[in-house]
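Here the structure is laid out as structure tokens; the discussion comes afterwards.
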Protein chains: 4
Amino acid sequence: MSTDTSAETTIFSRRESEARSYCRSFDTVFAKAKGAEMTDTQGRTYIDFLAGCSSLNYGHNDPDMKEALVEHIASDGIAHGLDMFTAEKAKFLKAYEDNILAPRGMDYKIMMTGPTGTNAVEAAMKLARKVTGRRNIVSFTNGFHGMTMGSLSLTGNAGKRAGAGGGSLADVTHMPFEGAFGDGVDTLGQMEMLLDNPSSGIDAPAAFIFEPVQGEGGLNAASNEWMQGVARLAKKLGALLIVDDIQSGCGRTGTYFGFEEAGIEPDMITQAKSLSGFGLPFAALLIKPEHDIWGPAEHNGTFRGNTHAFVTGRVALEKFWADDTFQKDVQHKSALLTAGLQAIADVLPEARLKGRGMMQGVDVGSGELAGDICARAFDKGLIIETSGAHDEVVKVLAPLTISEETLRKGLNILLDAARDATVNTKIAAE
Amino acid sequence: MSTDTSAETTIFSRRESEARSYCRSFDTVFAKAKGAEMTDTQGRTYIDFLAGCSSLNYGHNDPDMKEALVEHIASDGIAHGLDMFTAEKAKFLKAYEDNILAPRGMDYKIMMTGPTGTNAVEAAMKLARKVTGRRNIVSFTNGFHGMTMGSLSLTGNAGKRAGAGGGSLADVTHMPFEGAFGDGVDTLGQMEMLLDNPSSGIDAPAAFIFEPVQGEGGLNAASNEWMQGVARLAKKLGALLIVDDIQSGCGRTGTYFGFEEAGIEPDMITQAKSLSGFGLPFAALLIKPEHDIWGPAEHNGTFRGNTHAFVTGRVALEKFWADDTFQKDVQHKSALLTAGLQAIADVLPEARLKGRGMMQGVDVGSGELAGDICARAFDKGLIIETSGAHDEVVKVLAPLTISEETLRKGLNILLDAARDATVNTKIAAE
Amino acid sequence: MSTDTSAETTIFSRRESEARSYCRSFDTVFAKAKGAEMTDTQGRTYIDFLAGCSSLNYGHNDPDMKEALVEHIASDGIAHGLDMFTAEKAKFLKAYEDNILAPRGMDYKIMMTGPTGTNAVEAAMKLARKVTGRRNIVSFTNGFHGMTMGSLSLTGNAGKRAGAGGGSLADVTHMPFEGAFGDGVDTLGQMEMLLDNPSSGIDAPAAFIFEPVQGEGGLNAASNEWMQGVARLAKKLGALLIVDDIQSGCGRTGTYFGFEEAGIEPDMITQAKSLSGFGLPFAALLIKPEHDIWGPAEHNGTFRGNTHAFVTGRVALEKFWADDTFQKDVQHKSALLTAGLQAIADVLPEARLKGRGMMQGVDVGSGELAGDICARAFDKGLIIETSGAHDEVVKVLAPLTISEETLRKGLNILLDAARDATVNTKIAAE
Amino acid sequence: MSTDTSAETTIFSRRESEARSYCRSFDTVFAKAKGAEMTDTQGRTYIDFLAGCSSLNYGHNDPDMKEALVEHIASDGIAHGLDMFTAEKAKFLKAYEDNILAPRGMDYKIMMTGPTGTNAVEAAMKLARKVTGRRNIVSFTNGFHGMTMGSLSLTGNAGKRAGAGGGSLADVTHMPFEGAFGDGVDTLGQMEMLLDNPSSGIDAPAAFIFEPVQGEGGLNAASNEWMQGVARLAKKLGALLIVDDIQSGCGRTGTYFGFEEAGIEPDMITQAKSLSGFGLPFAALLIKPEHDIWGPAEHNGTFRGNTHAFVTGRVALEKFWADDTFQKDVQHKSALLTAGLQAIADVLPEARLKGRGMMQGVDVGSGELAGDICARAFDKGLIIETSGAHDEVVKVLAPLTISEETLRKGLNILLDAARDATVNTKIAAE
């Protein structure tokens, strides 16, 4: 079912930088998208198990958001308002307060950073250093926090770090994430010993930053105990706790925030990806009021507070988070996902499940095999990608709004692809 | 004509971070915008001489872009496609090639970076270091390039730099911009002497980066000779030339690029702000093909290639840049602007004009006076801001599409505000 | 037996910087020294269990070195020759080759760095980065490598690091030294896991640097297996192995080098302290010939190759290292030391022995107790100091040439001091 | 008159690191030295116009220092006492107070740093940052301050900086030294404009550091006005003033300190090289009492306070600085030197004199010519070296105690060498 897209894609090879990436795995030109499906210019439809890397938790072109956005644009609503007061921003903030903060008893200020996850992370790093007067930030192995120099200094991936071209990625200590040394090793206790030792050479941290479930790092899900331990350690050391919930937030793990079940109270929380609800560029940093010591414009930017995103983001909050219906539905589908992935893991010799909620996958043991499975899946009409330090995890990031039927259909394609890949591997081995 | 907005703005003071800024100068809640005007929730209309800090060069809600965007959304066009191939991206690239590159005989690859100016700058820094194997980058006094750690290291403003909270802003040499030591000092020649001296302690640069007209730094316009000199020096030293055209590009100075008249060929050009045409988050980095040595995803990000921005950006290119009509019109209005600003400068004792094209202003001698003028202008229905190291420049960044009538009206308000402020200053002095 | 030295020491409090330290513990003015004893201006004699922090392994004023040095000076031998060829340097190099390198089958180039340990460490760091093209250097918890910015970046002690006043101590990863997490934790295996993980965020190292026995860090002695493991890991990763043998070398642990029994072949070895034999400032860096890629004067300094130290250092090599007599004697005395320390540990509730060879001590459980013991010992005529992250180790660094009788005498004083301190502690507790 | 030293020097090529340098210019093995002369193993005697790079201001083996040192050693005086109180340190401090500080009305604490110039510089950097809470330090083009990472960050020379192997040399701003842009450019005023501009990107400095006469940088002598200007600017900005007097101090320029005639009061002064009087490793940092906020051992080191150097250094202070006899003699000889150098400059087409006092030389226009002149001089029995960014300055650093006769003799050799080199150049050009 492959299509010759070469004529259509000439313009990309001629004019788009070699940095382009996903288009290399999914070699077709997309034209339309709705819910959990994308359609290319040839009319072929794909199930989307990538969902904009968790930026489309509510699916493509949700009808309610779409309607509100079209109405906003058609009536000359503001598209760009810098960080001036707008009616849309007011409504968004109110919806966030009513549907997210208040029900959870949370008290945070919201900083509209530049509309990318990395910008929210950079703002958090700067503020943590400003608040504490310290420089060192503890991040964790396999963590991914962005590509600008501050965020990149937190990020584990060697290939991404090489992109710095030798620029300094200093003032960060990379510690083992839970499970980095295998089961049964108390990495939390070891980290505490290091940080308690005044001769460790590891400077007192301004902050700890972690992802509740590491998206790019291989769907490593932190336990509640580990998250609580990091929170406790941060407090003990006078460091701030930053949770990077960019990929794991907005319902992805089954609750609005990826750390809710741990009961921790981060000093800062980064949000982006699905925050607009519609896939529009948008990011924010939640800050405990006592830490909100920014001067006006001390961290600024042109596109802070994307007004279109305020519109769609507000609809998303009101539609999906006013009560727990959606949350329960996500948890129900998460169980289906686990079962489906287990069936896939069963056909693969050394496979094991990874992740949590609607952010699960299968570690198939090698990047080669995982890549092969994803390529075969795409040929069969499923968009899906790998993650992990060796790209060894087949990662499912379906829209949370996906129907059970489509979810099953996608999982079946994946199972087929895994079977084919296994057969092929065996043949090659003989 | 002031309005009590306190009830309406409670939500902002309660929930929005103290980092918010423009809303402090323009204390009203905006609801609609069209062309060169914004309207608040009380129905009051303001002339917009800020234009999203040059992000709205084509005005608010241009009807053609609006129509195309509504059509795109209504028909389930893609909102978020990561960096996959989309029909909209292809059309945008083609339009960029046809209307911008080809007519100017330019050959560049286009990198869709995260949709903020700072992200394009960070990508340029990383690539320059990667290409040259060097670390040092030369930026210039009063330069502004963004708030993430890489871009911030290039940025001159001490207040912004303090926001780093002590994080390292290394690997950059800050050199005097043209005119930094007053007229008649050959800062270019001095810089060359420093860089030619093997004992200067200034490491061989990977790149030079400058803005053709410094927007935040006080509307300092580089001469063609200076730009040519920097280009020549970069070439001689084996360094790359990066032009940060984020605020000065997209027609702002009277040509599409802010450096066109200098006839230089930058190795990289950063674009953002008005690139989408509609005020949507969007940025790109133009790279000479021989430097496009990125590996796939070596610099990545979730919102690279905002599909909505492809739609509106394409319309902007086709509508305004297919021939030189628009350009000539901008140049005509620039002359009106110069005349209007001269009239204002004439009522101020030590004022002098700054800038170039539709990016001009008046250095009124002190930040206090400039702030007073802008506040009075806002009371009279004009949105306008200051810039400069001491906020001493009243800066006009009107939409390029503004009608002559509205331009004149705005300038008259500004003249009134300046007169009032002067009278007030005299009274205060007596 | 305390003396009022206040009149004599006025000049120090008036003119010497507050950075002075040992004089605070040993509040008397010393005038003469011979072998293992120092005498103050009041004629009081002290047994020296500090030995210039291992700079006087052959005791004070060894008669043969003294004679050679006096003869050299009296005959207008060169005192300062920059790094020109001198007869004394030739003889020293020959003696080093004949007595140290050749018998051990070692092939190294010798770099005369500035005559301080920290300078040799800085040279090693620079060369390792130059050779590998990498920046990161792995050092270990509780490591001490010097106070200049490069060496300080390797050093663990938070108080020392604070001395940098906020200067950047980047490009170093601090890993747990053997035993840092208690017995039975395979820190070596964990380190390997981290460094093998391409997403650990820990950049590929240029070098590993460790002390075979950590002098300042608390007499932590690395096992042969651990040293072999680090050597193997360095080789596997393409990193250089630097052994900092400044305090543990020159026979201190019972062999000339502190790592000899591990059978490893470091790429570089730093030497200082006892290298001159006489306590004169002198340091050197041993470099495997294939790594000696320095350009002429690429790392230079005024006092490289202290000619007086060449004279005494040569005598030391010929006198003590021509055969294994001295080495065996040191090993014999090491056993006496162990026994003596065990007797001391037996009177202290939670004490445990630390270290190896003539570099042993007792961890008494708290810095307060250790300090009290040392202060009491000094009152009884014994010079001795503490070490460790909490100053909790009473450290014996007697001259290797000390007579058995004096060693016993010193240990008896220490035992008395420990008993007194314990009694005192009990009384205080009651 | 060349000698085959190959047999003798095998040991050096076999065992000494390629970093060795001076021995490459002076290819013979030295054995004895007295006053202003050195003698090699073949019995050949050379006039020494290098004087240990200003470490032998009082000549080789001064008889009074020699006698005192031999007496000290012979009587078992202390060789190494860490930083304990010793009788010799007390006497040295008293002599420094009586002969240097008191007569000049100066009040400083003396910090015995590691016995190398670079260590004193590192201590000054750390303390300046600690005192001010700022990180940036301003150093100057062509400055040379040492090879350890802190000092190297201040140093201008690109070749030396490359020795860092990519280690970070951050937190320093390199400004033009007086005259760096040629005569008549007010670099001081320009520097002030940059530092006064809050948008310059140059962070508020912790300190300024300069050499009164740049030794390695080409004998650039700062004017009194320039030194006063830097002092004034430092004070205005709340930065400390550090004078690096390592090469220019101890009488080299005609007064004890190289900045005396400027009447400035540095916050810190680094001393090394000739401080011991005898060429022994020794360095110190003078600190204004109010800045002496070091904690005990916060900057430490094994060889702080070389006791042998206390002995010889004290004799030097008492012998040469008790009154102004020596100083006047140096000033007299400086005039002879100027005259002699002028005669040399007269035979060279584009030569010009550089430097001040007994720290003068001739800029001959190219490193090639300067090197040729020095090589020819050595063949004729004169030890002399070049300096400058391009090694273009023939530099005379004769002992200050040199007899007029020997000074003349050396200058005549230099004149001959210059003539020969010129003739040779002309022949080559034809």
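Residues in the structure tokens are numbered from 1 in each chain, the chains being A, B, ... in the order shown, and ligands are numbered from 1 in the order shown.
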
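The protein and nucleic acid residues lying at most 12 Å from Ala90 of chain B are A:Ala7, A:Glu8, A:Thr9, A:Thr10, A:Ile11, A:Phe12, A:Ser13, A:Arg14, A:Arg15, A:Glu16, A:Thr28, A:Val29, A:Phe30, A:Ala31, A:Thr41, B:Asp83, B:Met84, B:Phe85, B:Ala95, B:Tyr96, B:Glu97, B:Ile110, B:Gly305, B:Thr307, B:Phe310, B:Val311, B:Arg314, with only C-alpha atoms considered and sequence neighbours fewer than 5 positions away removed.
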
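Every protein, DNA or RNA residue with an atom at most 10 Å from Ile287 of chain D, where only C-alpha atoms count and chain neighbours fewer than 5 positions away do not, is listed here: C:Arg15, C:Glu16, C:Ser17, D:Asp107, D:Tyr108, D:Lys109, D:Ile110, D:Met111, D:Ala124, D:Leu127, D:Ile242, D:Pro266, D:Asp267, D:Met268, D:Ile269, D:Thr270, D:Asp292, D:Ile293.
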
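In this structure, the chain A residues at most 10 Å away from chain D are A:Gly166, A:Gly167, A:Ser168, A:Ala170, with only C-alpha atoms considered.
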
Next on the checklist: From a backbone DSSP assignment, name each residue in segment 34-238 of chain C labelled strand (DSSP E or B), as a PyMOL selection string.
Outcome noted: chain C and resi 34-35+37-40+45-48+60+77+86+109-111+136-140+172-175+205-210+213-214+220-221

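Between atom CA of Asn424 of chain A and atom CA of Gly340 of chain A the separation is 21.7 Å.
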
Checklist entry - segment 336-383 of chain B: which residues are alpha helix (DSSP H) by DSSP, as an NGL selection string? => result :B and (336-346 or 367-379)

Checklist entry - What's the 10 Å shell around Leu233 of chain A, counting only C-alpha atoms, without same-chain residues fewer than 6 positions away, as number ranges by chain? => result A: 188-189, 191-192, 195-196, 208, 227, 239-241

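Interatomic distance, atom CA of Glu261 of chain A to atom CA of Asn224 of chain A: 6.8 Å.
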
Item to check | Spatial neighbours of Arg419 of chain B, max dist 9 Å, only C-alpha atoms, sep filter under 6 positions, as a ChimeraX atom specification | outcome: /B:344,347-348,373

Keeping only N, CA, C and O atoms, take the residues you just selected and write them out as a tab-separated table (two decimals), in the first residue's frame.
```tsv
chain	number	residue	atom	x	y	z
B	344	ILE	N	7.47	65.83	15.88
B	344	ILE	CA	7.44	65.54	17.33
B	344	ILE	C	8.78	65.90	17.95
B	344	ILE	O	8.84	66.53	19.02
B	347	VAL	N	9.44	69.48	19.02
B	347	VAL	CA	8.89	70.07	20.25
B	347	VAL	C	9.63	69.59	21.50
B	347	VAL	O	9.30	69.99	22.61
B	348	LEU	N	10.60	68.70	21.28
B	348	LEU	CA	11.32	68.15	22.43
B	348	LEU	C	12.76	68.64	22.38
B	348	LEU	O	13.42	68.53	21.34
B	373	ILE	N	5.24	60.15	27.74
B	373	ILE	CA	4.63	60.38	26.43
B	373	ILE	C	3.74	59.19	26.03
B	373	ILE	O	2.60	59.36	25.60
```
